[in-house]
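What follows is a short report on a single structure.
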Amino acid sequence: MTVFSKIVNGEIPCYKIAEDEHFFAFLDINPLTKGHTLVIPKLEVDYIFDIDDKSLSDMIIFAKKVAIAIEKSVSCSRVGVAVIGLEVPHAHIHLIPINRESDMNFKNSKQKLTEKEMTEIAAKIRSNF
Ligand code: AMP
């Protein structure tokens, strides 16, 4: 079972943002910017382009709703979208509030946010979802 499936099952804690029958969103634990969120399918699939067309479309639509909630919660020019997937073998879309191109650079040092800050930003995004 992947670490993300354990998050979905509640075996590992997370800063949850939203879920529906098929998808789940939570804060990235090592955020590039405040509000950096991951969207995953509940079904364990490693590579995003192995997801069937209908589910992938639904995942993007779910991610869009999450991105709109992030935009309402965090001061940013827009929400950047990225798929890397080299670390965790469970498909995920990164939603990253950005103000400049360099905010999307995964080589940037990660934000050091306190548990309180992570809890608060997750609650804010949740309330706007
Ligand atoms: P990648 O697979 O390269 O797209 O990167 C995986 C992402 O998942 C990284 O940005 C990690 O910070 C994030 N990540 C790994 N484990 C957790 C976790 N337990 N909770 C939240 N985010 C995580």
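Residue numbers start at 1 in each chain; chains themselves are named A, B, ... in the order of the structure tokens; ligands are numbered from 1 in the order shown.
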Write out, as CSV, each residue of chain A that has an atom at most 9 Å from ligand 1, together with the closest pair of atoms and their distance in Å to one decimal, counting only C-alpha atoms and all ligand atoms, rows going by chain and rising number.
residue,atom,partner,partner_atom_place_in_ligand_line,distance
A:Val3,CA,ligand 1,19 (N),6.3
A:Phe4,CA,ligand 1,19 (N),6.8
A:Lys6,CA,ligand 1,19 (N),8.8
A:Ile7,CA,ligand 1,19 (N),7.2
A:Ile12,CA,ligand 1,19 (N),7.1
A:Pro13,CA,ligand 1,19 (N),7.5
A:Cys14,CA,ligand 1,20 (N),5.9
A:Tyr15,CA,ligand 1,21 (C),7.8
A:Phe26,CA,ligand 1,21 (C),6.9
A:Leu27,CA,ligand 1,21 (C),5.9
A:Asp28,CA,ligand 1,22 (N),3.8
A:Ile29,CA,ligand 1,21 (C),4.0
A:Asn30,CA,ligand 1,12 (O),4.1
A:Pro31,CA,ligand 1,12 (O),6.5
A:Leu32,CA,ligand 1,10 (O),7.9
A:His36,CA,ligand 1,10 (O),8.6
A:Thr37,CA,ligand 1,22 (N),8.2
A:Leu38,CA,ligand 1,22 (N),7.2
A:Ala82,CA,ligand 1,4 (O),8.1
A:Val83,CA,ligand 1,4 (O),6.0
A:Ile84,CA,ligand 1,4 (O),4.1
A:Gly85,CA,ligand 1,2 (O),3.3
A:Leu86,CA,ligand 1,3 (O),4.2
A:Glu87,CA,ligand 1,2 (O),3.5
A:Val88,CA,ligand 1,2 (O),4.1
A:Pro89,CA,ligand 1,2 (O),6.6
A:His90,CA,ligand 1,2 (O),7.6
A:Ala91,CA,ligand 1,2 (O),7.8
A:His92,CA,ligand 1,4 (O),6.7
A:Ile93,CA,ligand 1,4 (O),7.6
A:His94,CA,ligand 1,4 (O),7.1
A:Phe106,CA,ligand 1,10 (O),8.2
A:Lys110,CA,ligand 1,12 (O),8.6
Inset, instruction - Determine which residues of range 2-57 of chain A receive a DSSP assignment of strand (DSSP E or B), computed from the backbone, and state them as an MDAnalysis selection string. - result: chainID A and resid 16:19 23:27 37:41
Inset, instruction - In Å, rounded to a single decimal, give me how far CA of Val74 in chain A is from CA of Gln111 in chain A. - result: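 Going from CA of Gln111 in chain A over to CA of Val74 in chain A, I get 14.6 Å.
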Legend entry - Backbone DSSP call of alpha helix (DSSP H) for chain A, listed as a PyMOL selection string: chain A and resi 3-8+53-73+115-127
Legend entry - Who sits within 12 Å of Val66 in chain A, only C-alpha atoms, same chain under 2 positions skipped, as a PyMOL selection string: chain A and resi 16-20+23-27+35-40+59-64+68-73+79+81+93-97+122+124-129
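CA of Cys76 in chain A is positioned 5.3 Å from CA of Asn99 in chain A.
Between Glu21 in chain A and the residues A:Lys42, A:Glu115, A:Asn105, A:Asn9, the shortest atom-to-atom distance, using only C-alpha atoms, involves A:Lys42.
Between CA of Ser5 in chain A and CA of Asp46 in chain A the separation is 11.3 Å.
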